[in-house]
Amino acid sequence: MDSVSTRVSIRSYVRPPRDSQPPSLYEPYRATIKRAPSKPLVVLPHTLSEITGPIFGHEKVGEKDNDLTCQHAGEPIGERIIVSGRVLDSNGRPLPNALIEVWQANSAGRYRHVKDQHPAPLDPNFTGAGRTLTDGQGAYRFITVKPGAYPWFNHYNAWRPAHIHFSVFGTAFITRLVTQMYFPGDPLFAYDPIFQSIPDEKARQRLISKFDLETTQPQWAKGFRFDIVLRGPEATPFET
Ligand SMILES: [Fe+2]
């Protein structure tokens, strides 16, 4: 009997163009010094396991899980925003049913996490985590508040530009993109080694959302668009 590998031909994914992804070692981003592989990577051939296999959590997504402003008794403090966009593959085709998870600091720049003890207030009405599935057109939408910039210990006077962490799961557990979305015009970009670790300027710009009047709602919330491209020359950079 034929094995699966002889009946199905698998086309390899397009590898990202050089410099469009951050290197695993970028010394100004200090945490990479300890965690970067010390030996050259072994590139494995793509197999069926990238497009099949278990998926995680899709069936547990609630209708309101994409609204980070309605998870508590009251509304969180901060600038209410709508973040929306599409998830696309390397050929510009929309990816339906992708699980998107986000996590972020509150509007004062504080995470609800035991490790974040810097002196900014926690908001009792904001947890900072949400998730959703892309629809048939690959579209997603979150309602949240704009996160604040926060200090970290990477170097003297280090501050992260405001950002929202994104994780995208595709059709299998192994197909995952983890990245960060930024906001236009942030003065901290030039000083942030995580943002700067992406060598290609154009690729870096793809992590910055765009203000969008079309998805902005009068008297209610500003809209920002952030499209995610999973592979190919326009791929959204990963975070290291
Ligand atoms: Fe963060």
# chains A, B, ... in the order shown; residues from 1 in each chain; ligands from 1

call {"tool": "select_by_dssp", "arguments": {"residues": "stretch 1-205 of chain A", "states": "alpha helix (DSSP H)", "output": "PyMOL selection string"}}
result
chain A and resi 4-7+31-35+193-196+201-205

call {"tool": "residues_near_ligand", "arguments": {"ligand": "ligand 1", "cutoff": "8 Å", "atoms": "only C-alpha atoms and all ligand atoms", "output": "mmCIF file with N, CA, C and O atoms, in the first residue's frame"}}
result
data_model
loop_
_atom_site.group_PDB
_atom_site.id
_atom_site.type_symbol
_atom_site.label_atom_id
_atom_site.label_comp_id
_atom_site.auth_asym_id
_atom_site.auth_seq_id
_atom_site.Cartn_x
_atom_site.Cartn_y
_atom_site.Cartn_z
ATOM 1 N N TRP A 103 -2.177 39.787 23.646
ATOM 2 C CA TRP A 103 -1.987 40.167 25.040
ATOM 3 C C TRP A 103 -1.238 41.494 25.072
ATOM 4 O O TRP A 103 -0.448 41.802 24.177
ATOM 5 N N GLN A 104 -1.527 42.285 26.097
ATOM 6 C CA GLN A 104 -0.983 43.639 26.097
ATOM 7 C C GLN A 104 -1.002 44.225 27.504
ATOM 8 O O GLN A 104 -1.697 43.754 28.395
ATOM 9 N N ALA A 105 -0.240 45.315 27.672
ATOM 10 C CA ALA A 105 -0.278 46.092 28.908
ATOM 11 C C ALA A 105 -1.547 46.961 28.906
ATOM 12 O O ALA A 105 -2.164 47.189 27.864
ATOM 13 N N ARG A 160 9.761 50.279 26.166
ATOM 14 C CA ARG A 160 9.186 49.651 24.974
ATOM 15 C C ARG A 160 8.178 50.584 24.317
ATOM 16 O O ARG A 160 7.332 51.149 24.993
ATOM 17 N N HIS A 163 2.734 48.515 22.272
ATOM 18 C CA HIS A 163 2.592 47.386 21.353
ATOM 19 C C HIS A 163 1.544 46.399 21.867
ATOM 20 O O HIS A 163 1.251 46.351 23.062
ATOM 21 N N ILE A 164 1.036 45.615 20.949
ATOM 22 C CA ILE A 164 0.143 44.501 21.283
ATOM 23 C C ILE A 164 0.807 43.232 20.767
ATOM 24 O O ILE A 164 1.233 43.163 19.605
ATOM 25 N N HIS A 165 0.939 42.235 21.639
ATOM 26 C CA HIS A 165 1.506 40.950 21.223
ATOM 27 C C HIS A 165 0.447 40.156 20.465
ATOM 28 O O HIS A 165 -0.713 40.107 20.885
ATOM 29 N N GLN A 180 4.644 41.310 17.265
ATOM 30 C CA GLN A 180 4.121 42.460 18.001
ATOM 31 C C GLN A 180 3.655 43.512 17.012
ATOM 32 O O GLN A 180 4.318 43.746 16.001
#

call {"tool": "atom_distance", "arguments": {"atom1": "atom CA of A:Arg141", "atom2": "atom CA of A:Phe226"}}
result
9.8 Å

call {"tool": "residues_around", "arguments": {"residues": "A:Pro233", "least_positions_apart": "6", "cutoff": "12 Å", "atoms": "only C-alpha atoms", "output": "PyMOL selection string"}}
result
chain A and resi 13-21+89-92+200+202-203+206

call {"tool": "write_last_selection", "arguments": {"atoms": "N, CA and C atoms", "output": "PDB file, in the first residue's frame"}}
result
ATOM      1  N   TYR A  13       7.284  25.675   1.757  1.00  0.00           N
ATOM      2  CA  TYR A  13       6.934  27.071   1.940  1.00  0.00           C
ATOM      3  C   TYR A  13       8.062  27.949   1.412  1.00  0.00           C
ATOM      4  N   VAL A  14       7.673  29.139   0.981  1.00  0.00           N
ATOM      5  CA  VAL A  14       8.686  30.097   0.555  1.00  0.00           C
ATOM      6  C   VAL A  14       9.410  30.610   1.792  1.00  0.00           C
ATOM      7  N   ARG A  15      10.720  30.505   1.794  1.00  0.00           N
ATOM      8  CA  ARG A  15      11.488  31.010   2.937  1.00  0.00           C
ATOM      9  C   ARG A  15      11.484  32.539   2.919  1.00  0.00           C
ATOM     10  N   PRO A  16      11.532  33.176   4.072  1.00  0.00           N
ATOM     11  CA  PRO A  16      11.487  34.656   4.082  1.00  0.00           C
ATOM     12  C   PRO A  16      12.744  35.257   3.474  1.00  0.00           C
ATOM     13  N   PRO A  17      12.606  36.409   2.808  1.00  0.00           N
ATOM     14  CA  PRO A  17      13.794  37.050   2.239  1.00  0.00           C
ATOM     15  C   PRO A  17      14.786  37.413   3.339  1.00  0.00           C
ATOM     16  N   ARG A  18      16.040  37.427   2.967  1.00  0.00           N
ATOM     17  CA  ARG A  18      17.114  37.781   3.898  1.00  0.00           C
ATOM     18  C   ARG A  18      16.824  39.130   4.548  1.00  0.00           C
ATOM     19  N   ASP A  19      17.141  39.263   5.801  1.00  0.00           N
ATOM     20  CA  ASP A  19      17.022  40.519   6.564  1.00  0.00           C
ATOM     21  C   ASP A  19      15.588  40.929   6.885  1.00  0.00           C
ATOM     22  N   SER A  20      14.611  40.138   6.463  1.00  0.00           N
ATOM     23  CA  SER A  20      13.225  40.513   6.782  1.00  0.00           C
ATOM     24  C   SER A  20      12.802  39.978   8.146  1.00  0.00           C
ATOM     25  N   GLN A  21      13.627  39.113   8.723  1.00  0.00           N
ATOM     26  CA  GLN A  21      13.317  38.551  10.033  1.00  0.00           C
ATOM     27  C   GLN A  21      14.462  38.867  10.987  1.00  0.00           C
ATOM     28  N   ASP A  89      -1.941  34.573   3.220  1.00  0.00           N
ATOM     29  CA  ASP A  89      -0.787  33.712   2.962  1.00  0.00           C
ATOM     30  C   ASP A  89       0.158  34.392   1.976  1.00  0.00           C
ATOM     31  N   SER A  90       1.185  33.671   1.548  1.00  0.00           N
ATOM     32  CA  SER A  90       2.212  34.307   0.728  1.00  0.00           C
ATOM     33  C   SER A  90       1.690  34.752  -0.639  1.00  0.00           C
ATOM     34  N   ASN A  91       0.550  34.224  -1.054  1.00  0.00           N
ATOM     35  CA  ASN A  91      -0.019  34.634  -2.339  1.00  0.00           C
ATOM     36  C   ASN A  91      -1.141  35.651  -2.177  1.00  0.00           C
ATOM     37  N   GLY A  92      -1.270  36.200  -0.983  1.00  0.00           N
ATOM     38  CA  GLY A  92      -2.313  37.197  -0.752  1.00  0.00           C
ATOM     39  C   GLY A  92      -3.689  36.592  -0.538  1.00  0.00           C
ATOM     40  N   ASP A 200      15.783  44.755   7.942  1.00  0.00           N
ATOM     41  CA  ASP A 200      15.205  45.432   6.775  1.00  0.00           C
ATOM     42  C   ASP A 200      14.160  46.457   7.221  1.00  0.00           C
ATOM     43  N   LYS A 202      11.914  48.088   5.559  1.00  0.00           N
ATOM     44  CA  LYS A 202      10.549  47.873   5.047  1.00  0.00           C
ATOM     45  C   LYS A 202       9.824  46.800   5.846  1.00  0.00           C
ATOM     46  N   ALA A 203      10.558  45.746   6.212  1.00  0.00           N
ATOM     47  CA  ALA A 203       9.951  44.671   7.008  1.00  0.00           C
ATOM     48  C   ALA A 203       9.550  45.201   8.382  1.00  0.00           C
ATOM     49  N   ARG A 206       6.307  46.953   8.497  1.00  0.00           N
ATOM     50  CA  ARG A 206       5.114  46.101   8.405  1.00  0.00           C
ATOM     51  C   ARG A 206       4.549  45.757   9.783  1.00  0.00           C
TER      52      ARG A 206
END

call {"tool": "select_by_dssp", "arguments": {"residues": "stretch 4-239 of chain A", "states": "strand (DSSP E or B)", "output": "JSON, numbers by chain"}}
result
{"A": [67, 80, 81, 82, 83, 84, 85, 86, 87, 88, 94, 99, 100, 101, 102, 103, 129, 130, 131, 132, 133, 139, 140, 141, 142, 143, 144, 145, 150, 151, 152, 158, 159, 160, 163, 164, 165, 166, 167, 168, 169, 176, 177, 178, 179, 180, 181, 182, 208, 210, 211, 217, 221, 222, 223, 224, 225, 228, 229]}
